[in-house]
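Contents: one structure, followed by commentary.
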Amino acid sequence: MCGIVGYIGKSQAAPILLDGLAKLEYRGYDSAGIAVFDGEDIQVKKATGRLKVLSELTHDGTTMPGTIGIGHTRWATHGAPSDVNAHPHYNKERTIAVVHNGIIENYVKLRTRLQEKGYTFVSETDTEVLAHLLDYYYTGDPIETITKVMHRVEGSYALGIIFKEHPGTVYAVRKDSPLIVGKGKDGNFIASDVPAVLKYTREVFFIQNEEIAALTEETITFFNIDGEEIQKESSMIEWDINAAEKGGYEHFMLKEMYEQPKTVRDTIAPRIKDGKIVIEELGMSDEEIRAIKRIHIVACGSAYHTGVTAKYVMEDMARIPVEVDVASEFRYRNPILEEGALVIIISQSGETADSLAALREAKERGVKTLGIVNVVGSSIAREADSVMYTWAGPEIAVATTKAYSAQLVAEYLLAMKFAQVRGMVTEEEIEGMLRDLQRLPEQIEMLLNNKEKIQRFANRYIAAKDVFFVGRGIDYAISMEGSLKLKEISYIHSEAYAAGELKHGTISLIEDGTLVAAVVTQEDLYKKTISNIVELKSRGAFVLAVTNTGHTEIEKSADYVIYIPQTNKYFTNSLAIIPLQLFGYYVAVGKGCDVDKPRNLAKSVTVE
Ligand code: M6R
């Protein structure tokens with residue numbers, strides 16, 4: 001989704017803005033622009049396509065003088081990617097410039113009203129109404145003007161604004177779209193996400209809904225929607241800037257795959273104390289855990305896939321009924337949330353619009369909510385009744401890998417905790433599971449170190465048209481993620497199917513040589529899936545099987561086999577997903593795709 005950066009300080013603004021925007025590239029975008037006050041006027045430069053086009057246009061920003069400015073990477077929603085639709089947008093006299101992330105839902109009405117008052121629009125965007133609305137309500141006092149605009153617009157927004165008449169201040173405001181303020185030594189910053197400012201400062205303020213920030217070179221002041229000054233505490237970012245850099249890897253995705261052993265270890269370690277599972281942040285007594293009648297897991301994309309795994313694990317291990325929904329469905333399907341329900345929202349970014357809306361829906365209905373979130377201080381983390389953080393650090397590649405792995409282990413821990421408290425597992429079983437859980441990082445590492453085998457195999461499939469992923473139970477959940485990894489970065493059509501469903505339609509798609517990845521890690525379902533493999537083979541499929549070490553007899557049915565180390569039946573997803581991530585990655589690399597920034601996708605989907 002769109003990225004916002006703003007700067008005011010002693011240095012030339014444009015190079016800093018471009019540098020910050022580069023750190024936000026992972027969010028996804030199709031055009032970029034910056035506005036800088038040069039001492040006399042607001043100068044604006046925009047360019048469709050990659051940020052390097054804008055950098056070339058401005059000689060890395062050096063041709064734009066001025067020490068105050070705002071910048072933006074746009075992910076098109078209203079109007080095609082084009083120079084004119086790119087942000088910043090400005091009023092006719094170019095005395096006010098604005099960048100926006102989010103969607104103004106009542107923009108058609110506002111635009112009509114403004115047109116009736118003589119305003120002319122040049123772009124197709126919803127954002128342009130903000131520039132004209134700021135002009136219309138301008139009183140000479142920016143805070144007063146901004147609050148008037150806030151009262152008129154509906155929807156979600158994070159805004160960076162500069163006024164020619166107030167050249168010593170950058171203004172920022174947010175509602176339901178992320179925005180942070182960075183407090184630097186020689187200047188201050190606004191940004192959609194922390195990596196954009198980390199090079200300059202670790203001290204940040206998280207702007208909350210309907211709060212405004214006014215930044216001068218030396219001061220940062222916050223206001224509420226009524227224009228009253230408010231006090232806010234800053235936070236220190238603990239993670240290192242290297243965490244948001246490629247560190248010698250060809251792509252962020254590869255680096256992040258290699259960070260999985262650490263991520264999994266970091267997410268597990270603080271929750272095991274003296275051999276016991278301790279999830280303090282859950283904020284639920286044993287009695288409350290015993291009283292849970294139903295769990296609703298709500299998430300999007302890969303986070304949803306971890307939720308599907310969690311359903312299998314929690315239902316089987318803790319014997320609690322679990323429903324899993326994609327958030328965009330949950331929020332509109334009038335879900336039945338009865339007393340004793342626990343709603344778990346899973347999100348890496350903590351800002352996904354549908355997941356956030358689902359959380360609010362659940363809260364409105366008075367049920368307890370728990371967020372499993374990676375980004376500290378994000379909206380879902382703040383609004384959920386309790387939050388269990390996945391300690392994956394910043395994830396930059398659009399295709400999630402390490403946050404996915406961290407979510408899985410957080411969910412295993414929850415399931416174990418619930419099962420233990422509800423008396424569904426013995427102490428010995430928990431001890432055994434904890435041993436297996438703690439071995440996952442080294443086993444993941446081992447699989448990663450075997451990457452050449454997958455790479456060679458992947459190179460054979462860069463021209464594939466369709467690839468299918470099949471499995472049963474937890475293996476079906478793994479298949480869903482394996483399929484998403486492949487399609488989102490390599491653009492190869494791919495689907496995941498519950499292996500038992502093949503005969504009900506999908507098998508007609510199998511032709512000579514069609515690649516099918518079969519995940520076979522669940523002992524009790526092993527024979528069933530092998531039968532499906534045989535059926536697929538007899539229709540001409542080429543079958544890649546991912547199975548547990550020791551199951552060598554599968555080589556009689558499958559064409560190519562990848563073995564994963566032995567682990568507890570509930571945890572196999574954490575291992576089987578590694579070769580599938582690598583497969584998707586190497587196919588995409590082989591095809592020359594933009595692995596970290598696949599077309600049309602955004603890292604953080606902050607609009608509906
Ligand atoms: O930030 P979230 O976890 O809420 O994002 C949810 C999905 O958009 C995300 O998992 C998406 O499917 C991944 N980028 C896929 O790799």
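Residue names in the structure tokens use chain letters A, B, ... in the order shown, residue numbers from 1 in each chain, and ligand numbers from 1 in the order shown.
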Practice prompt. Could you give me the residues within 9 Å of ligand 1, counting only C-alpha atoms and all ligand atoms, as number ranges by chain?
Written response: A: 299-305, 345-356, 373-375, 397-401, 403-404, 481, 484-485, 488-489, 601-606
Could you pull the residues within 8 Å of segment 191-195 of chain A, counting only C-alpha atoms, minus those fewer than 2 positions along the same chain, as an MDAnalysis selection string?
chainID A and resid 3:6 20 23:24 158 178:182 189 197:199 204 241 244
Can you tell me, as a VMD selection string, what residues are no more than 6 Å from segment 67-79 of chain A when counting only C-alpha atoms, ignoring any on the same chain fewer than 5 positions away? chain A and resid 1 to 9 11 to 13 17 29 to 37 124 to 125
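Computed from the coordinates, the atom CA of Val313 of chain A to atom CA of Leu582 of chain A distance equals 24.7 Å.
Taking only C-alpha atoms into account, Ile279 of chain A lies nearest to A:Glu411 out of the set A:Glu128, A:Glu154, A:Glu93, A:Glu411.
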Residues at most 10 Å from Ser156 of chain A, counting only C-alpha atoms, excluding those fewer than 4 positions away in the same chain, as a PyMOL selection string?
-> chain A and resi 100-105+174-178+209+353+606-608
Any chance you could export the current selection's all heavy atoms as a short mmCIF file (atom, residue, chain, number, x, y, z; two decimals), in the first residue's frame?
data_model
loop_
_atom_site.label_atom_id
_atom_site.label_comp_id
_atom_site.auth_asym_id
_atom_site.auth_seq_id
_atom_site.Cartn_x
_atom_site.Cartn_y
_atom_site.Cartn_z
N HIS A 100 -1.21 10.98 0.82
CA HIS A 100 -2.29 10.26 1.50
C HIS A 100 -2.12 8.76 1.34
O HIS A 100 -1.83 8.27 0.26
CB HIS A 100 -3.62 10.74 0.88
CG HIS A 100 -4.82 9.93 1.23
ND1 HIS A 100 -5.82 9.65 0.33
CD2 HIS A 100 -5.20 9.33 2.39
CE1 HIS A 100 -6.77 8.94 0.91
NE2 HIS A 100 -6.42 8.72 2.16
N ASN A 101 -2.34 8.04 2.40
CA ASN A 101 -2.47 6.58 2.35
C ASN A 101 -3.83 6.25 2.94
O ASN A 101 -4.15 6.69 4.05
CB ASN A 101 -1.35 5.93 3.18
CG ASN A 101 -1.53 4.43 3.31
OD1 ASN A 101 -2.20 3.80 2.50
ND2 ASN A 101 -0.93 3.86 4.33
N GLY A 102 -4.65 5.49 2.20
CA GLY A 102 -5.98 5.15 2.68
C GLY A 102 -7.00 5.40 1.59
O GLY A 102 -6.65 5.56 0.42
N ILE A 103 -8.26 5.44 1.98
CA ILE A 103 -9.30 5.70 0.99
C ILE A 103 -10.31 6.68 1.58
O ILE A 103 -10.81 6.48 2.69
CB ILE A 103 -10.03 4.39 0.58
CG1 ILE A 103 -9.10 3.54 -0.29
CG2 ILE A 103 -11.32 4.68 -0.17
CD1 ILE A 103 -9.70 2.25 -0.80
N ILE A 104 -10.61 7.74 0.84
CA ILE A 104 -11.65 8.68 1.27
C ILE A 104 -12.96 8.18 0.68
O ILE A 104 -13.18 8.23 -0.53
CB ILE A 104 -11.33 10.12 0.77
CG1 ILE A 104 -9.94 10.56 1.26
CG2 ILE A 104 -12.41 11.11 1.22
CD1 ILE A 104 -9.73 10.53 2.75
N GLU A 105 -13.81 7.66 1.55
CA GLU A 105 -15.00 6.97 1.05
C GLU A 105 -16.05 7.93 0.49
O GLU A 105 -16.80 7.57 -0.42
CB GLU A 105 -15.60 6.10 2.16
CG GLU A 105 -14.77 4.84 2.34
CD GLU A 105 -15.03 4.12 3.64
OE1 GLU A 105 -15.97 4.49 4.38
OE2 GLU A 105 -14.27 3.16 3.93
N ARG A 174 -3.66 10.95 11.16
CA ARG A 174 -4.05 9.61 10.74
C ARG A 174 -5.41 9.17 11.27
O ARG A 174 -5.85 9.61 12.34
CB ARG A 174 -3.01 8.56 11.15
CG ARG A 174 -2.98 8.25 12.62
CD ARG A 174 -2.38 6.88 12.87
NE ARG A 174 -3.40 5.85 12.85
CZ ARG A 174 -3.18 4.57 13.07
NH1 ARG A 174 -1.96 4.13 13.30
NH2 ARG A 174 -4.17 3.70 13.07
N LYS A 175 -6.02 8.31 10.49
CA LYS A 175 -7.21 7.57 10.95
C LYS A 175 -7.22 6.25 10.19
O LYS A 175 -7.38 6.22 8.97
CB LYS A 175 -8.49 8.35 10.66
CG LYS A 175 -9.72 7.61 11.13
CD LYS A 175 -10.97 8.44 10.99
CE LYS A 175 -12.19 7.59 11.20
NZ LYS A 175 -12.62 6.92 9.96
N ASP A 176 -6.99 5.18 10.91
CA ASP A 176 -7.05 3.82 10.36
C ASP A 176 -6.01 3.49 9.29
O ASP A 176 -6.16 2.53 8.55
CB ASP A 176 -8.46 3.51 9.80
CG ASP A 176 -9.49 3.45 10.91
OD1 ASP A 176 -9.08 3.28 12.08
OD2 ASP A 176 -10.69 3.59 10.61
N SER A 177 -5.01 4.32 9.13
CA SER A 177 -3.88 3.98 8.25
C SER A 177 -2.63 4.30 9.07
O SER A 177 -2.59 5.31 9.77
CB SER A 177 -3.88 4.83 6.99
OG SER A 177 -4.87 4.38 6.12
N PRO A 178 -1.59 3.46 8.96
CA PRO A 178 -0.46 3.66 9.86
C PRO A 178 0.38 4.91 9.57
O PRO A 178 0.52 5.30 8.41
CB PRO A 178 0.39 2.40 9.62
CG PRO A 178 -0.04 1.88 8.30
CD PRO A 178 -1.45 2.30 8.08
N ASN A 209 -5.34 7.05 16.12
CA ASN A 209 -6.45 7.53 15.30
C ASN A 209 -6.88 8.93 15.68
O ASN A 209 -7.02 9.26 16.86
CB ASN A 209 -7.65 6.59 15.46
CG ASN A 209 -7.61 5.53 14.41
OD1 ASN A 209 -6.80 5.59 13.47
ND2 ASN A 209 -8.47 4.55 14.53
N ALA A 353 -6.61 -3.87 6.70
CA ALA A 353 -7.89 -3.19 6.91
C ALA A 353 -9.01 -4.17 7.27
O ALA A 353 -9.78 -3.92 8.21
CB ALA A 353 -8.26 -2.39 5.67
N THR A 606 -3.79 -1.88 3.65
CA THR A 606 -4.47 -1.01 4.60
C THR A 606 -5.77 -0.43 4.05
O THR A 606 -6.38 0.41 4.69
CB THR A 606 -3.54 0.15 5.02
OG1 THR A 606 -3.02 0.76 3.84
CG2 THR A 606 -2.39 -0.36 5.86
N VAL A 607 -6.16 -0.88 2.85
CA VAL A 607 -7.48 -0.49 2.36
C VAL A 607 -8.29 -1.75 2.11
O VAL A 607 -7.73 -2.82 1.90
CB VAL A 607 -7.42 0.36 1.07
CG1 VAL A 607 -6.78 1.70 1.33
CG2 VAL A 607 -6.70 -0.37 -0.04
N GLU A 608 -9.59 -1.59 2.13
CA GLU A 608 -10.46 -2.75 2.00
C GLU A 608 -10.38 -3.36 0.61
O GLU A 608 -10.27 -2.64 -0.37
CB GLU A 608 -11.89 -2.28 2.28
CG GLU A 608 -12.82 -3.41 2.44
CD GLU A 608 -14.22 -2.93 2.79
OE1 GLU A 608 -14.39 -1.77 3.15
OE2 GLU A 608 -15.13 -3.77 2.71
#
- prompt: Which residues, written as a PyMOL selection string, have at least one atom at most 8 Å from Ala341 of chain A, with only C-alpha atoms counted and residues fewer than 2 positions away on the same chain left out?
  reply: chain A and resi 292-296+337-339+343+367-368
